[in-house]
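**Student:** What follows is run.cif; its format and atoms are mmCIF, C-alpha atoms.
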data_data
loop_
_atom_site.group_PDB
_atom_site.id
_atom_site.type_symbol
_atom_site.label_atom_id
_atom_site.label_comp_id
_atom_site.auth_asym_id
_atom_site.auth_seq_id
_atom_site.Cartn_x
_atom_site.Cartn_y
_atom_site.Cartn_z
ATOM 1 C CA MET A 15 146.449 9.022 -130.376
ATOM 2 C CA VAL A 16 149.327 11.192 -129.200
ATOM 3 C CA MET A 17 151.116 13.044 -131.987
ATOM 4 C CA SER A 18 154.733 13.864 -131.349
ATOM 5 C CA SER A 19 157.328 15.933 -133.123
ATOM 6 C CA GLN A 20 159.915 13.279 -132.224
ATOM 7 C CA ALA A 21 161.981 12.342 -135.300
ATOM 8 C CA VAL A 22 162.234 8.618 -134.563
ATOM 9 C CA LEU A 23 160.508 6.205 -132.191
ATOM 10 C CA ASN A 24 163.328 3.959 -130.981
ATOM 11 C CA SER A 25 161.644 0.873 -129.495
ATOM 12 C CA TRP A 26 158.465 -1.134 -129.496
ATOM 13 C CA LYS A 27 157.597 0.547 -126.209
ATOM 14 C CA GLU A 28 157.969 4.063 -127.642
ATOM 15 C CA ILE A 29 156.009 3.117 -130.756
ATOM 16 C CA ALA A 30 153.252 1.551 -128.626
ATOM 17 C CA GLU A 31 153.010 4.661 -126.451
ATOM 18 C CA TYR A 32 152.876 6.855 -129.558
ATOM 19 C CA VAL A 33 150.074 4.809 -131.132
ATOM 20 C CA GLY A 34 148.242 4.125 -127.879
ATOM 21 C CA ARG A 35 148.275 0.347 -128.246
ATOM 22 C CA GLY A 36 150.159 -2.533 -126.684
ATOM 23 C CA VAL A 37 153.515 -3.777 -127.941
ATOM 24 C CA ARG A 38 152.085 -7.207 -128.820
ATOM 25 C CA THR A 39 149.287 -5.582 -130.832
ATOM 26 C CA LEU A 40 151.806 -3.616 -132.867
ATOM 27 C CA GLN A 41 153.884 -6.730 -133.460
ATOM 28 C CA ARG A 42 150.781 -8.488 -134.781
ATOM 29 C CA TRP A 43 150.022 -5.445 -136.946
ATOM 30 C CA GLU A 44 153.539 -5.650 -138.343
ATOM 31 C CA GLN A 45 153.168 -9.357 -139.071
ATOM 32 C CA PHE A 46 149.657 -9.298 -140.542
ATOM 33 C CA TYR A 47 149.071 -5.723 -141.704
ATOM 34 C CA SER A 48 152.535 -4.383 -142.654
ATOM 35 C CA PHE A 49 152.796 -1.878 -139.824
ATOM 36 C CA PRO A 50 155.759 0.407 -140.734
ATOM 37 C CA VAL A 51 158.712 -0.437 -138.516
ATOM 38 C CA HIS A 52 162.357 -0.581 -139.496
ATOM 39 C CA ARG A 53 165.269 -2.644 -138.241
ATOM 40 C CA PRO A 54 168.724 -1.073 -138.566
ATOM 41 C CA ALA A 55 170.545 -4.365 -139.086
ATOM 42 C CA GLY A 56 167.924 -5.717 -141.471
ATOM 43 C CA ASN A 57 167.538 -8.723 -139.196
ATOM 44 C CA HIS A 58 163.921 -9.625 -138.493
ATOM 45 C CA LYS A 59 164.761 -10.083 -134.784
ATOM 46 C CA SER A 60 166.803 -6.924 -134.238
ATOM 47 C CA ALA A 61 165.707 -3.743 -132.484
ATOM 48 C CA VAL A 62 163.058 -1.678 -134.236
ATOM 49 C CA PHE A 63 162.431 1.969 -134.882
ATOM 50 C CA ALA A 64 159.619 3.839 -136.580
ATOM 51 C CA VAL A 65 159.182 7.226 -138.184
ATOM 52 C CA PRO A 66 156.131 9.032 -136.757
ATOM 53 C CA THR A 67 155.015 10.393 -140.146
ATOM 54 C CA GLU A 68 154.996 6.843 -141.602
ATOM 55 C CA VAL A 69 153.072 5.561 -138.606
ATOM 56 C CA ASP A 70 150.575 8.429 -138.911
ATOM 57 C CA GLU A 71 150.102 7.710 -142.620
ATOM 58 C CA TRP A 72 149.663 3.978 -141.982
ATOM 59 C CA LEU A 73 147.060 4.674 -139.284
ATOM 60 C CA ARG A 74 145.266 7.178 -141.521
ATOM 61 C CA THR A 75 145.002 4.761 -144.447
ATOM 62 C CA ARG A 76 143.978 1.659 -142.496
ATOM 63 C CA PRO A 77 140.314 0.797 -142.191
ATOM 64 C CA MET A 78 139.074 1.379 -138.675
ATOM 65 C CA HIS A 79 138.170 -2.309 -138.306
ATOM 66 C CA VAL A 80 141.803 -3.469 -138.070
ATOM 67 C CA GLN A 81 141.653 -3.461 -134.278
ATOM 68 C CA GLY A 82 138.087 -4.718 -134.458
ATOM 69 C CA GLU A 83 139.286 -7.685 -136.502
ATOM 70 C CA ALA A 84 141.821 -8.606 -133.859
ATOM 71 C CA ASP A 85 139.154 -8.258 -131.162
ATOM 72 C CA GLY A 86 136.698 -10.158 -133.344
ATOM 73 C CA HIS A 87 139.158 -12.990 -133.817
ATOM 74 C CA ALA A 88 139.752 -13.160 -130.078
ATOM 75 C CA VAL A 89 136.003 -13.194 -129.394
ATOM 76 C CA ALA A 90 135.413 -15.785 -132.121
ATOM 77 C CA ASN A 91 138.237 -17.923 -130.731
ATOM 78 C CA GLU A 92 136.804 -17.687 -127.226
ATOM 79 C CA GLN A 93 133.334 -18.599 -128.528
ATOM 80 C CA MET A 94 134.687 -21.586 -130.455
ATOM 81 C CA GLU A 95 136.607 -22.830 -127.415
ATOM 82 C CA SER A 96 133.488 -22.470 -125.293
ATOM 83 C CA GLU A 97 131.414 -24.306 -127.905
ATOM 84 C CA LEU A 98 134.041 -27.060 -128.081
ATOM 85 C CA VAL A 99 133.903 -27.557 -124.299
ATOM 86 C CA ARG A 100 130.086 -27.644 -124.473
ATOM 87 C CA LEU A 101 130.129 -30.180 -127.314
ATOM 88 C CA LYS A 102 132.690 -32.385 -125.552
ATOM 89 C CA THR A 103 130.426 -32.408 -122.496
ATOM 90 C CA LEU A 104 127.431 -33.321 -124.660
ATOM 91 C CA VAL A 105 129.360 -36.126 -126.368
ATOM 92 C CA LYS A 106 130.449 -37.502 -122.999
ATOM 93 C CA ASP A 107 126.851 -37.325 -121.729
ATOM 94 C CA LEU A 108 125.517 -38.983 -124.879
ATOM 95 C CA GLY A 109 128.115 -41.742 -124.559
ATOM 96 C CA ALA A 110 126.984 -42.401 -120.995
ATOM 97 C CA ARG A 111 123.331 -42.412 -122.091
ATOM 98 C CA MET A 112 124.112 -44.842 -124.927
ATOM 99 C CA GLU A 113 125.892 -47.225 -122.557
ATOM 100 C CA ARG A 114 122.965 -47.064 -120.126
ATOM 101 C CA ALA A 115 120.429 -47.663 -122.940
ATOM 102 C CA GLU A 116 122.485 -50.624 -124.233
ATOM 103 C CA ARG A 117 122.572 -52.155 -120.734
ATOM 104 C CA GLU A 118 118.821 -51.643 -120.337
ATOM 105 C CA LEU A 119 118.148 -53.144 -123.768
ATOM 106 C CA GLN A 120 120.328 -56.154 -122.972
ATOM 107 C CA ALA A 121 118.558 -56.588 -119.636
ATOM 108 C CA PHE A 122 115.196 -56.333 -121.390
ATOM 109 C CA LYS A 123 116.193 -58.890 -124.019
ATOM 110 C CA THR A 124 117.458 -61.205 -121.294
ATOM 111 C CA SER A 125 114.238 -60.858 -119.303
ATOM 112 C CA GLN A 126 112.152 -61.409 -122.461
ATOM 113 C CA ALA A 127 114.108 -64.532 -123.322
ATOM 114 C CA THR A 128 113.810 -65.826 -119.754
ATOM 115 C CA GLY A 129 110.100 -65.026 -119.691
ATOM 116 C CA LEU A 130 109.574 -66.682 -123.069
ATOM 117 C CA ASN A 131 111.376 -69.835 -121.942
ATOM 118 C CA PHE A 132 109.342 -69.862 -118.746
ATOM 119 C CA ARG A 133 106.074 -69.387 -120.674
ATOM 120 C CA GLN A 134 107.024 -72.080 -123.161
ATOM 121 C CA LYS A 135 107.738 -74.497 -120.339
ATOM 122 C CA THR A 136 104.567 -73.483 -118.509
ATOM 123 C CA ASP A 137 102.495 -73.595 -121.677
ATOM 124 C CA GLY A 138 104.014 -76.952 -122.567
ATOM 125 C CA GLU A 139 103.114 -78.393 -119.169
ATOM 126 C CA GLY A 140 99.631 -76.950 -119.481
ATOM 127 C CA GLN A 141 99.236 -78.490 -122.934
ATOM 128 C CA GLU A 142 100.427 -81.832 -121.608
ATOM 129 C CA ALA A 143 97.967 -81.593 -118.741
ATOM 130 C CA LYS A 144 95.160 -80.631 -121.100
ATOM 131 C CA SER A 145 95.987 -83.374 -123.564
ATOM 132 C CA GLY A 146 96.205 -85.849 -120.706
ATOM 133 C CA LYS A 147 92.785 -84.829 -119.470
ATOM 134 C CA THR A 148 91.215 -85.001 -122.913
ATOM 135 C CA THR A 149 92.628 -88.447 -123.645
ATOM 136 C CA ALA A 150 91.560 -89.720 -120.262
ATOM 137 C CA ALA A 151 88.021 -88.493 -120.757
#
What does the file become when written as structure tokens?

**Tutor:**
Amino acid sequence: MVMSSQAVLNSWKEIAEYVGRGVRTLQRWEQFYSFPVHRPAGNHKSAVFAVPTEVDEWLRTRPMHVQGEADGHAVANEQMESELVRLKTLVKDLGARMERAERELQAFKTSQATGLNFRQKTDGEGQEAKSGKTTAA
């Protein structure tokens, strides 16, 4: 971190250079961690400035994991997105497998029913032939 004797840091860019972080990171720190910036007009969208001693104090009193949390959230988000893509692929694959299994089951049931009907007819004819032979004898 670069320490400066400058009285005021007059923009997000100057503050970011002073702290050694990106502008977006500092804006997140302001939003989530009360990073000490001031706006002359009091408007939340107006230009910002910061006092180096306040920034130094804020940095000194923050736990070192503040940046780690942001990185951790990004990593966790990336892992969750990756897991979601993996799970969507698995669901799609399982859906295809289910459809295939249902078709195979239906085909099996159809073949069983056809085979049963055929056997019943064949067995019936055989019984008739047998009963005809026994009555004739």

**Student:** Report, in Å to a single decimal, how far apart atom CA of Glu97 of chain A and atom CA of Arg111 of chain A are.

**Tutor:**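 Distance reported for this atom pair: 20.7 Å.
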
**Student:** What separation in Å, quoted to one decimal, exists between atom CA of Arg35 of chain A and atom CA of Glu92 of chain A?

**Tutor:** 21.4 Å

**Student:** So that I can check the surroundings of segment 36-42 of chain A, please list as a PyMOL selection string every protein, DNA and RNA residue that reaches within 7 Å of it, counting all atoms listed in the file and ignoring chain neighbours fewer than 2 positions away.

**Tutor:** chain A and resi 26-27+30+44-46
